[in-house]
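Listing of query.tsv, TSV, C-alpha atoms and all ligand atoms
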```
chain	number	residue	atom	x	y	z
A	1	MET	CA	-13.79	-21.56	-66.82
A	2	SER	CA	-16.14	-20.54	-69.60
A	3	SER	CA	-16.47	-21.85	-73.13
A	4	GLU	CA	-16.99	-18.85	-75.45
A	5	LEU	CA	-13.78	-19.46	-77.42
A	6	VAL	CA	-13.57	-23.26	-77.47
A	7	GLU	CA	-11.81	-24.45	-80.66
A	8	LYS	CA	-10.90	-20.85	-81.54
A	9	VAL	CA	-7.43	-19.50	-82.21
A	10	ALA	CA	-6.81	-16.03	-80.82
A	11	VAL	CA	-3.89	-13.65	-81.25
A	12	VAL	CA	-3.48	-11.08	-78.48
A	13	THR	CA	-0.88	-8.40	-79.18
A	14	GLY	CA	0.96	-6.62	-76.38
A	15	ALA	CA	0.07	-9.59	-74.18
A	16	GLY	CA	3.27	-9.53	-72.17
A	17	SER	CA	1.83	-7.17	-69.58
A	18	GLY	CA	-1.15	-5.14	-68.37
A	19	ILE	CA	-4.44	-5.41	-70.25
A	20	GLY	CA	-3.06	-7.74	-72.94
A	21	ALA	CA	-1.71	-10.28	-70.45
A	22	GLU	CA	-4.98	-10.35	-68.52
A	23	SER	CA	-6.95	-10.73	-71.77
A	24	ALA	CA	-4.73	-13.56	-73.01
A	25	ARG	CA	-5.28	-15.42	-69.73
A	26	ARG	CA	-9.05	-14.78	-69.95
A	27	PHE	CA	-9.27	-15.94	-73.59
A	28	ALA	CA	-7.41	-19.13	-72.65
A	29	ARG	CA	-9.82	-19.76	-69.77
A	30	ALA	CA	-12.62	-19.40	-72.33
A	31	GLY	CA	-11.08	-22.25	-74.32
A	32	ALA	CA	-9.00	-20.49	-76.99
A	33	ALA	CA	-5.54	-21.45	-78.14
A	34	VAL	CA	-3.85	-18.10	-77.55
A	35	VAL	CA	-0.84	-16.63	-79.31
A	36	VAL	CA	0.73	-14.22	-76.86
A	37	ALA	CA	2.53	-11.68	-79.03
A	38	ASP	CA	4.77	-8.95	-77.66
A	39	LEU	CA	7.91	-6.94	-78.38
A	40	ASN	CA	9.21	-8.33	-75.09
A	41	LEU	CA	9.52	-12.10	-75.59
A	42	GLU	CA	10.36	-12.80	-71.95
A	43	ALA	CA	7.19	-11.04	-70.83
A	44	ALA	CA	5.16	-12.98	-73.40
A	45	GLN	CA	6.67	-16.23	-72.15
A	46	SER	CA	5.68	-15.34	-68.60
A	47	THR	CA	2.03	-14.88	-69.69
A	48	VAL	CA	2.21	-18.22	-71.51
A	49	ALA	CA	3.57	-19.89	-68.37
A	50	ASP	CA	0.52	-18.57	-66.44
A	51	ILE	CA	-1.79	-20.01	-69.10
A	52	HIS	CA	-0.04	-23.39	-69.13
A	53	GLN	CA	-0.15	-23.55	-65.35
A	54	ALA	CA	-3.91	-23.07	-65.50
A	55	GLY	CA	-4.21	-25.89	-68.05
A	56	GLY	CA	-4.66	-23.69	-71.14
A	57	THR	CA	-3.05	-23.66	-74.58
A	58	ALA	CA	-0.75	-20.81	-75.59
A	59	ALA	CA	2.44	-19.93	-77.44
A	60	ALA	CA	4.68	-16.88	-77.13
A	61	VAL	CA	5.79	-14.96	-80.22
A	62	ALA	CA	8.13	-12.00	-80.36
A	63	PHE	CA	6.84	-9.35	-82.75
A	64	ASP	CA	7.10	-5.64	-83.39
A	65	LEU	CA	3.92	-3.72	-84.18
A	66	GLY	CA	6.08	-1.16	-85.97
A	67	ASP	CA	7.44	-3.69	-88.45
A	68	GLU	CA	5.37	-4.97	-91.38
A	69	GLN	CA	7.37	-8.17	-91.94
A	70	SER	CA	7.14	-9.02	-88.25
A	71	ILE	CA	3.34	-8.69	-88.30
A	72	LYS	CA	3.13	-10.84	-91.43
A	73	GLU	CA	5.24	-13.53	-89.74
A	74	LEU	CA	3.16	-13.39	-86.54
A	75	MET	CA	-0.04	-14.18	-88.43
A	76	ALA	CA	1.62	-16.80	-90.67
A	77	SER	CA	3.25	-18.62	-87.75
A	78	THR	CA	-0.03	-18.59	-85.81
A	79	ALA	CA	-1.88	-20.16	-88.73
A	80	ALA	CA	0.90	-22.70	-89.26
A	81	GLN	CA	1.01	-23.74	-85.60
A	82	PHE	CA	-2.71	-23.73	-84.77
A	83	GLY	CA	-4.39	-24.19	-88.17
A	84	GLY	CA	-5.86	-20.73	-88.65
A	85	ILE	CA	-6.93	-17.50	-86.93
A	86	ASP	CA	-10.40	-16.70	-85.55
A	87	VAL	CA	-9.79	-13.76	-83.21
A	88	VAL	CA	-7.31	-10.90	-83.05
A	89	PHE	CA	-7.20	-8.55	-80.09
A	90	ASN	CA	-5.14	-5.60	-81.35
A	91	ASN	CA	-4.08	-4.38	-77.92
A	92	ALA	CA	-0.41	-3.44	-78.38
A	93	ALA	CA	0.53	0.22	-78.66
A	94	ALA	CA	3.64	2.30	-78.22
A	95	VAL	CA	2.49	3.48	-74.79
A	96	HIS	CA	6.08	4.43	-73.93
A	97	LEU	CA	5.80	7.22	-76.53
A	98	ALA	CA	2.63	8.62	-74.95
A	99	GLY	CA	4.29	10.03	-71.83
A	100	ALA	CA	6.24	13.25	-71.36
A	101	LYS	CA	7.71	13.06	-74.88
A	102	ASP	CA	4.24	13.40	-76.45
A	103	THR	CA	4.12	17.14	-75.77
A	104	PRO	CA	1.34	19.62	-76.63
A	105	ILE	CA	1.07	20.49	-80.33
A	106	GLU	CA	2.82	23.84	-79.80
A	107	HIS	CA	6.03	21.98	-78.94
A	108	ALA	CA	5.39	18.67	-80.69
A	109	GLY	CA	8.13	17.01	-82.73
A	110	ALA	CA	7.19	15.52	-86.09
A	111	GLU	CA	9.42	12.51	-85.43
A	112	LEU	CA	7.47	11.37	-82.38
A	113	TRP	CA	4.24	12.00	-84.29
A	114	ASP	CA	5.38	9.79	-87.19
A	115	GLU	CA	6.65	7.04	-84.89
A	116	THR	CA	3.39	6.98	-82.91
A	117	MET	CA	1.28	6.79	-86.07
A	118	ARG	CA	3.57	4.17	-87.61
A	119	ILE	CA	3.35	1.85	-84.63
A	120	ASN	CA	-0.19	2.39	-83.34
A	121	LEU	CA	-2.26	3.16	-86.42
A	122	ARG	CA	-0.32	1.63	-89.31
A	123	GLY	CA	0.53	-1.41	-87.16
A	124	THR	CA	-3.12	-2.02	-86.26
A	125	MET	CA	-4.11	-1.71	-89.93
A	126	LEU	CA	-1.44	-4.25	-90.94
A	127	CYS	CA	-2.48	-6.68	-88.17
A	128	THR	CA	-6.02	-6.44	-89.53
A	129	GLN	CA	-4.91	-6.93	-93.14
A	130	PHE	CA	-2.71	-9.99	-92.51
A	131	ALA	CA	-5.00	-11.65	-89.92
A	132	ALA	CA	-8.07	-11.20	-92.14
A	133	GLN	CA	-6.46	-13.32	-94.87
A	134	TYR	CA	-6.49	-16.30	-92.52
A	135	MET	CA	-9.90	-15.50	-91.03
A	136	LEU	CA	-11.41	-15.50	-94.52
A	137	GLN	CA	-10.08	-19.03	-95.09
A	138	ARG	CA	-12.17	-20.13	-92.07
A	139	GLY	CA	-15.28	-18.19	-93.14
A	140	GLY	CA	-14.95	-15.31	-90.68
A	141	GLY	CA	-13.66	-14.07	-87.37
A	142	SER	CA	-13.63	-11.21	-84.93
A	143	ILE	CA	-11.17	-8.34	-84.69
A	144	VAL	CA	-11.14	-6.27	-81.52
A	145	ASN	CA	-9.12	-3.07	-81.63
A	146	THR	CA	-7.91	-1.00	-78.72
A	147	ALA	CA	-8.69	2.69	-78.93
A	148	SER	CA	-8.81	4.93	-75.84
A	149	ASP	CA	-10.94	7.67	-74.32
A	150	ALA	CA	-8.00	9.79	-75.51
A	151	GLY	CA	-9.10	9.04	-79.08
A	152	VAL	CA	-12.43	10.75	-78.45
A	153	SER	CA	-11.58	13.69	-76.17
A	154	GLY	CA	-8.87	16.31	-76.06
A	155	ASP	CA	-6.39	16.47	-73.17
A	156	LEU	CA	-3.50	18.59	-71.93
A	157	GLY	CA	-0.86	16.33	-73.47
A	158	HIS	CA	-0.23	13.28	-75.69
A	159	PRO	CA	-1.87	14.60	-78.89
A	160	ALA	CA	-0.04	12.08	-81.10
A	161	TYR	CA	-1.25	9.16	-78.97
A	162	GLY	CA	-4.81	10.55	-78.94
A	163	ALA	CA	-4.88	11.12	-82.69
A	164	SER	CA	-3.51	7.62	-83.36
A	165	LYS	CA	-6.32	6.18	-81.22
A	166	ALA	CA	-8.89	8.32	-83.04
A	167	GLY	CA	-7.54	6.83	-86.26
A	168	ILE	CA	-8.04	3.33	-84.85
A	169	ILE	CA	-11.70	4.13	-84.15
A	170	ASN	CA	-12.30	5.00	-87.80
A	171	LEU	CA	-10.12	2.13	-89.04
A	172	THR	CA	-12.44	-0.16	-87.06
A	173	LYS	CA	-15.45	1.06	-89.04
A	174	TYR	CA	-13.64	0.67	-92.37
A	175	ALA	CA	-12.64	-2.90	-91.53
A	176	ALA	CA	-16.20	-3.69	-90.39
A	177	VAL	CA	-17.58	-2.41	-93.71
A	178	GLU	CA	-14.98	-4.10	-95.91
A	179	TYR	CA	-15.04	-7.56	-94.33
A	180	GLY	CA	-18.55	-7.68	-92.85
A	181	LYS	CA	-20.33	-9.64	-95.57
A	182	ARG	CA	-17.48	-12.15	-95.52
A	183	GLY	CA	-18.06	-12.97	-91.85
A	184	ILE	CA	-15.48	-10.81	-90.10
A	185	ARG	CA	-16.71	-8.39	-87.45
A	186	CYS	CA	-14.54	-5.55	-86.20
A	187	ASN	CA	-15.14	-3.49	-83.05
A	188	ALA	CA	-13.05	-1.30	-80.78
A	189	ILE	CA	-12.81	-0.83	-77.04
A	190	ALA	CA	-12.03	2.58	-75.58
A	191	PRO	CA	-10.55	2.01	-72.13
A	192	GLY	CA	-10.58	4.91	-69.73
A	193	LEU	CA	-8.05	4.86	-66.92
A	194	ILE	CA	-7.11	1.24	-66.24
A	195	VAL	CA	-4.95	0.54	-63.22
A	196	THR	CA	-1.85	-1.36	-64.37
A	197	PRO	CA	1.69	-1.35	-62.97
A	198	ALA	CA	2.44	1.52	-65.42
A	199	THR	CA	-0.55	3.73	-64.57
A	200	GLU	CA	-0.23	2.97	-60.85
A	201	ALA	CA	2.90	5.12	-60.96
A	202	THR	CA	1.31	7.95	-62.94
A	203	TRP	CA	-2.39	8.55	-63.61
A	204	ALA	CA	-3.62	6.31	-60.82
A	205	ALA	CA	-1.18	7.67	-58.21
A	206	GLY	CA	-1.49	10.35	-55.51
A	207	PRO	CA	-3.63	13.43	-56.23
A	208	MET	CA	-4.09	12.33	-59.87
A	209	ARG	CA	-5.92	9.24	-58.65
A	210	ASP	CA	-8.40	11.37	-56.69
A	211	ILE	CA	-8.97	13.71	-59.62
A	212	MET	CA	-9.63	10.76	-61.92
A	213	LEU	CA	-11.90	8.99	-59.44
A	214	ARG	CA	-14.02	12.14	-58.99
A	215	GLN	CA	-14.73	12.05	-62.72
A	216	HIS	CA	-15.87	8.42	-62.74
A	217	LEU	CA	-19.51	7.42	-62.31
A	218	THR	CA	-18.37	4.22	-60.59
A	219	PRO	CA	-16.94	4.28	-57.05
A	220	TYR	CA	-13.78	2.57	-58.33
A	221	LEU	CA	-11.24	2.76	-61.15
A	222	GLY	CA	-10.93	0.16	-63.90
A	223	SER	CA	-8.78	-2.95	-63.88
A	224	PRO	CA	-7.36	-5.06	-66.76
A	225	LYS	CA	-10.08	-7.62	-65.95
A	226	ASP	CA	-12.74	-5.09	-67.00
A	227	ILE	CA	-11.17	-4.76	-70.45
A	228	ALA	CA	-10.53	-8.51	-70.74
A	229	GLU	CA	-14.25	-9.24	-70.15
A	230	ALA	CA	-15.30	-6.69	-72.79
A	231	ALA	CA	-12.72	-8.03	-75.25
A	232	LEU	CA	-13.94	-11.59	-74.67
A	233	PHE	CA	-17.52	-10.51	-75.32
A	234	LEU	CA	-16.59	-8.76	-78.57
A	235	ALA	CA	-14.34	-11.65	-79.64
A	236	SER	CA	-17.02	-14.29	-79.13
A	237	GLU	CA	-20.25	-15.20	-80.89
A	238	ARG	CA	-22.18	-13.63	-78.01
A	239	SER	CA	-21.69	-10.33	-79.87
A	240	ARG	CA	-22.46	-11.77	-83.33
A	241	PHE	CA	-24.74	-8.85	-84.30
A	242	ILE	CA	-22.35	-6.11	-83.17
A	243	SER	CA	-19.87	-4.70	-85.67
A	244	GLY	CA	-18.19	-1.37	-86.37
A	245	GLN	CA	-18.83	-0.16	-82.82
A	246	LEU	CA	-16.80	1.61	-80.18
A	247	LEU	CA	-17.40	0.35	-76.64
A	248	HIS	CA	-16.31	2.69	-73.86
A	249	VAL	CA	-15.10	0.69	-70.88
A	250	ASP	CA	-14.31	3.60	-68.59
A	251	GLY	CA	-16.62	3.68	-65.55
A	252	GLY	CA	-18.64	6.42	-67.26
A	253	LEU	CA	-15.66	8.77	-67.47
A	254	LEU	CA	-16.87	10.23	-70.78
A	255	ALA	CA	-20.59	9.76	-70.17
A	256	HIS	CA	-21.39	12.94	-68.29
A	257	HIS	CA	-21.32	16.71	-68.55
A	258	PRO	CA	-17.93	18.15	-67.56
A	259	TYR	CA	-19.44	19.95	-64.55
A	260	VAL	CA	-20.99	16.88	-62.87
A	261	ALA	CA	-18.05	16.21	-60.51
A	262	ASP	CA	-18.09	19.86	-59.38
A	263	LEU	CA	-21.85	19.74	-58.76
A	264	VAL	CA	-21.46	16.58	-56.69
A	265	ALA	CA	-18.70	18.26	-54.64
A	266	LEU	CA	-20.93	21.31	-54.13
A	267	SER	CA	-23.89	19.24	-52.89
A	268	ASP	CA	-21.54	17.24	-50.60
A	269	GLN	CA	-20.59	20.56	-48.96
A	270	GLY	CA	-24.25	20.93	-48.09
B	301	LIG	N1	-3.91	1.40	-69.06
B	301	LIG	C1	-4.72	2.37	-69.43
B	301	LIG	O1	-5.15	3.20	-68.62
B	301	LIG	C2	-5.16	2.50	-70.88
B	301	LIG	C3	-6.13	3.46	-71.20
B	301	LIG	C4	-6.54	3.60	-72.52
B	301	LIG	C5	-6.02	2.75	-73.50
B	301	LIG	N2	-5.07	1.84	-73.17
B	301	LIG	C6	-4.55	0.99	-74.24
B	301	LIG	O2	-4.57	-0.37	-73.84
B	301	LIG	C7	-3.51	-1.07	-74.48
B	301	LIG	C8	-2.68	-1.82	-73.45
B	301	LIG	O3	-2.18	-0.88	-72.51
B	301	LIG	P1	-1.56	-1.31	-71.11
B	301	LIG	O4	-1.91	-0.24	-70.16
B	301	LIG	O5	-1.89	-2.71	-70.78
B	301	LIG	O6	0.00	-1.15	-71.46
B	301	LIG	P2	1.28	-1.97	-70.99
B	301	LIG	O7	2.42	-1.05	-71.14
B	301	LIG	O8	1.07	-2.63	-69.67
B	301	LIG	O9	1.37	-3.11	-72.10
B	301	LIG	C9	1.69	-2.82	-73.42
B	301	LIG	C10	2.40	-4.03	-74.00
B	301	LIG	O10	2.65	-3.75	-75.39
B	301	LIG	C11	3.97	-4.15	-75.70
B	301	LIG	N3	4.46	-3.35	-76.82
B	301	LIG	C12	4.86	-2.05	-76.81
B	301	LIG	N4	5.28	-1.68	-78.03
B	301	LIG	C13	5.16	-2.78	-78.84
B	301	LIG	C14	5.45	-3.02	-80.20
B	301	LIG	N5	6.00	-2.09	-80.99
B	301	LIG	N6	5.21	-4.25	-80.69
B	301	LIG	C15	4.67	-5.22	-79.90
B	301	LIG	N7	4.37	-5.04	-78.60
B	301	LIG	C16	4.62	-3.84	-78.07
B	301	LIG	C17	4.77	-3.90	-74.43
B	301	LIG	O11	5.96	-4.70	-74.41
B	301	LIG	C18	3.76	-4.30	-73.35
B	301	LIG	O12	3.86	-5.66	-72.99
B	301	LIG	C19	-2.74	-0.03	-75.29
B	301	LIG	O13	-3.23	-0.03	-76.61
B	301	LIG	C20	-3.10	1.27	-74.62
B	301	LIG	O14	-3.00	2.37	-75.47
B	301	LIG	C21	-4.62	1.68	-71.89
```

Structure rendered as structure tokens:
Amino acid sequence: MSSELVEKVAVVTGAGSGIGAESARRFARAGAAVVVADLNLEAAQSTVADIHQAGGTAAAVAFDLGDEQSIKELMASTAAQFGGIDVVFNNAAAVHLAGAKDTPIEHAGAELWDETMRINLRGTMLCTQFAAQYMLQRGGGSIVNTASDAGVSGDLGHPAYGASKAGIINLTKYAAVEYGKRGIRCNAIAPGLIVTPATEATWAAGPMRDIMLRQHLTPYLGSPKDIAEAALFLASERSRFISGQLLHVDGGLLAHHPYVADLVALSDQG
């Protein structure tokens, strides 16, 4: 147990699985009443059951990040049930669109591009807009957005996903500027490769896992707990003088020259 979020109300989106579920559980252990919001209500309810079992306070809400009315209702129902909103962790994203369908620009379809932007970028903006209304009534709050290393670097695929995450990085700065004097901070986390059930079957599997690990400065890959701890820090008063920032939580994946892993391999050969 810790006490960073005692008497706070936190909304965690995409909290039915992976990073969001771990963060919701962590926020609850820090004392928050947590609204576990997800497209998949059953998954959200399972996270809530974990929280209740551990003695925490939580409620599951079905919502769609791609739907404005649904976002409005999420924030309104949170405020009605728990008396206000202090923290929003904008973690949900249309990750299912970021796979094979999100092809290189040469072959990219405008429909997938629009859908990705609508859900990830527009949805995060609307979550900020509607949550901030309630935060202002309480004199402030903290918004934590989820970007990605893919929003800072180019890659061989998923340009729509990457560009939507780049948009979230700049949106974070705009929100920090606009709401800062009124007590709302806004920061973003850029996860690198985080091992979840989804990435365990793709990026963190087989030869891909070795390639990724070689590019990390840590001897291990990231886990949802690593993001949950960073999100808790940014959500809480412990980070009260930090706003408009992007925090890379990626084991140093983007912190080095591109040739470092090759140089290490060369020196290992003797
Ligand atoms: N796992 C990684 O390696 C990694 C790396 C960089 C960034 N991220 C980001 O972290 C966040 C969480 O990723 P994850 O790996 O835990 O994914 P995940 O697939 O495990 O969880 C995503 C959750 O979001 C929900 N969701 C999907 N579309 C939604 C919508 N339209 N409305 C509401 N909820 C919706 C899903 O039901 C799911 O529960 C995402 O923003 C993702 O882009 C993840």

Please report as JSON lines every residue of stretch 94-147 of chain A lying within 12 Å of stretch 223-247 of chain A, along with the nearest atom pair and their distance in Å (one decimal), using only C-alpha atoms.
```
{"residue": "A:Gly140", "atom": "CA", "partner": "A:Arg240", "partner_atom": "CA", "distance": 11.1}
{"residue": "A:Gly141", "atom": "CA", "partner": "A:Ala235", "partner_atom": "CA", "distance": 8.1}
{"residue": "A:Ser142", "atom": "CA", "partner": "A:Ala235", "partner_atom": "CA", "distance": 5.4}
{"residue": "A:Ile143", "atom": "CA", "partner": "A:Ala235", "partner_atom": "CA", "distance": 6.8}
{"residue": "A:Val144", "atom": "CA", "partner": "A:Ala235", "partner_atom": "CA", "distance": 6.5}
{"residue": "A:Asn145", "atom": "CA", "partner": "A:Ala231", "partner_atom": "CA", "distance": 8.8}
{"residue": "A:Thr146", "atom": "CA", "partner": "A:Ala231", "partner_atom": "CA", "distance": 9.2}
{"residue": "A:Ala147", "atom": "CA", "partner": "A:Leu246", "partner_atom": "CA", "distance": 8.3}
```

Fill in: Residue contacts of stretch 91-98 of chain A (7 Å, all atoms listed in the file) excluding same-chain residues fewer than 3 positions away, as a list of chain:residue names
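With the cut-off at 7 Å, the set is A:Val12, A:Thr13, A:Gly14, A:Gly20, A:Lys101, A:Asp102, A:Thr116, A:Ile119, A:Asn120, A:Asn145, A:Thr146, A:His158, A:Tyr161.
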
Please produce an output containing C-alpha atoms for each residue in the selection, written as a CSV table (one decimal), keeping the file's coordinate frame.
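Final output, saved to selection_17.csv:
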```
chain,number,residue,atom,x,y,z
A,12,VAL,CA,-3.5,-11.1,-78.5
A,13,THR,CA,-0.9,-8.4,-79.2
A,14,GLY,CA,1.0,-6.6,-76.4
A,20,GLY,CA,-3.1,-7.7,-72.9
A,101,LYS,CA,7.7,13.1,-74.9
A,102,ASP,CA,4.2,13.4,-76.4
A,116,THR,CA,3.4,7.0,-82.9
A,119,ILE,CA,3.4,1.8,-84.6
A,120,ASN,CA,-0.2,2.4,-83.3
A,145,ASN,CA,-9.1,-3.1,-81.6
A,146,THR,CA,-7.9,-1.0,-78.7
A,158,HIS,CA,-0.2,13.3,-75.7
A,161,TYR,CA,-1.2,9.2,-79.0
```

Discussion item. Env of A:Gly66: 12 Å cut, atoms = all atoms listed in the file, seq-sep filter 6 positions within chain, self excluded. Answer as number ranges by chain.
Written reply: A: 38-39, 72, 92-94, 114-127

Worksheet, complete the sentence: The residue from A:Ser2, A:Ala33, A:Gly99, A:Gly84 with the smallest atom-to-atom distance to A:Ala198, counting only C-alpha atoms, is A:Gly99

Response to the item:
Expressed in Å, the length from atom CA of A:Asp86 to atom CA of A:Gln133 is 10.7 Å

Taking all atoms of ligand LIG 301 (chain B) that appear in the file, build a box with edges along x, y and z, extend it by 5 Å on every side, and state its centre and edge lengths in Å to one decimal, as lines of an AutoDock Vina configuration file.
```
center_x = -0.3
center_y = -1.0
center_z = -74.8
size_x = 22.5
size_y = 19.3
size_z = 22.4
```

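In this comparison, which uses all atoms listed in the file, the residue of A:Gly192, A:Pro159, A:Pro219, A:Gly180 approaching ligand LIG 301 (chain B) most closely is A:Gly192.
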
Practice prompt. Tell me, in Å to one decimal, how far atom CA of A:Asp268 is from atom CA of A:Ala201.
Written response: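 The value is 29.2 Å.
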
Worksheet entry | Long-range neighbours of A:Ser17 as a list in words, 9 Å cut-off, all atoms listed in the file, 3 positions minimum in chain |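 In the requested form, the answer reads Gly14, Gly20, Ala21, Glu22, Asp38, Ala43, Ala44, Thr47, Thr196 and Pro197 of chain A.
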
Selected residues, C-alpha atoms, written as an mmCIF file, keeping the file's coordinate frame, please.
```
data_model
loop_
_atom_site.group_PDB
_atom_site.id
_atom_site.type_symbol
_atom_site.label_atom_id
_atom_site.label_comp_id
_atom_site.auth_asym_id
_atom_site.auth_seq_id
_atom_site.Cartn_x
_atom_site.Cartn_y
_atom_site.Cartn_z
ATOM 1 C CA GLY A 14 0.960 -6.620 -76.380
ATOM 2 C CA GLY A 20 -3.060 -7.740 -72.940
ATOM 3 C CA ALA A 21 -1.710 -10.280 -70.450
ATOM 4 C CA GLU A 22 -4.980 -10.350 -68.520
ATOM 5 C CA ASP A 38 4.770 -8.950 -77.660
ATOM 6 C CA ALA A 43 7.190 -11.040 -70.830
ATOM 7 C CA ALA A 44 5.160 -12.980 -73.400
ATOM 8 C CA THR A 47 2.030 -14.880 -69.690
ATOM 9 C CA THR A 196 -1.850 -1.360 -64.370
ATOM 10 C CA PRO A 197 1.690 -1.350 -62.970
#
```

Response to the item:
Residue with the minimum atom-to-atom distance to A:Val61, picked from A:Val36, A:Asp250, A:Gln81, A:Glu42 with only C-alpha atoms counted, is A:Val36
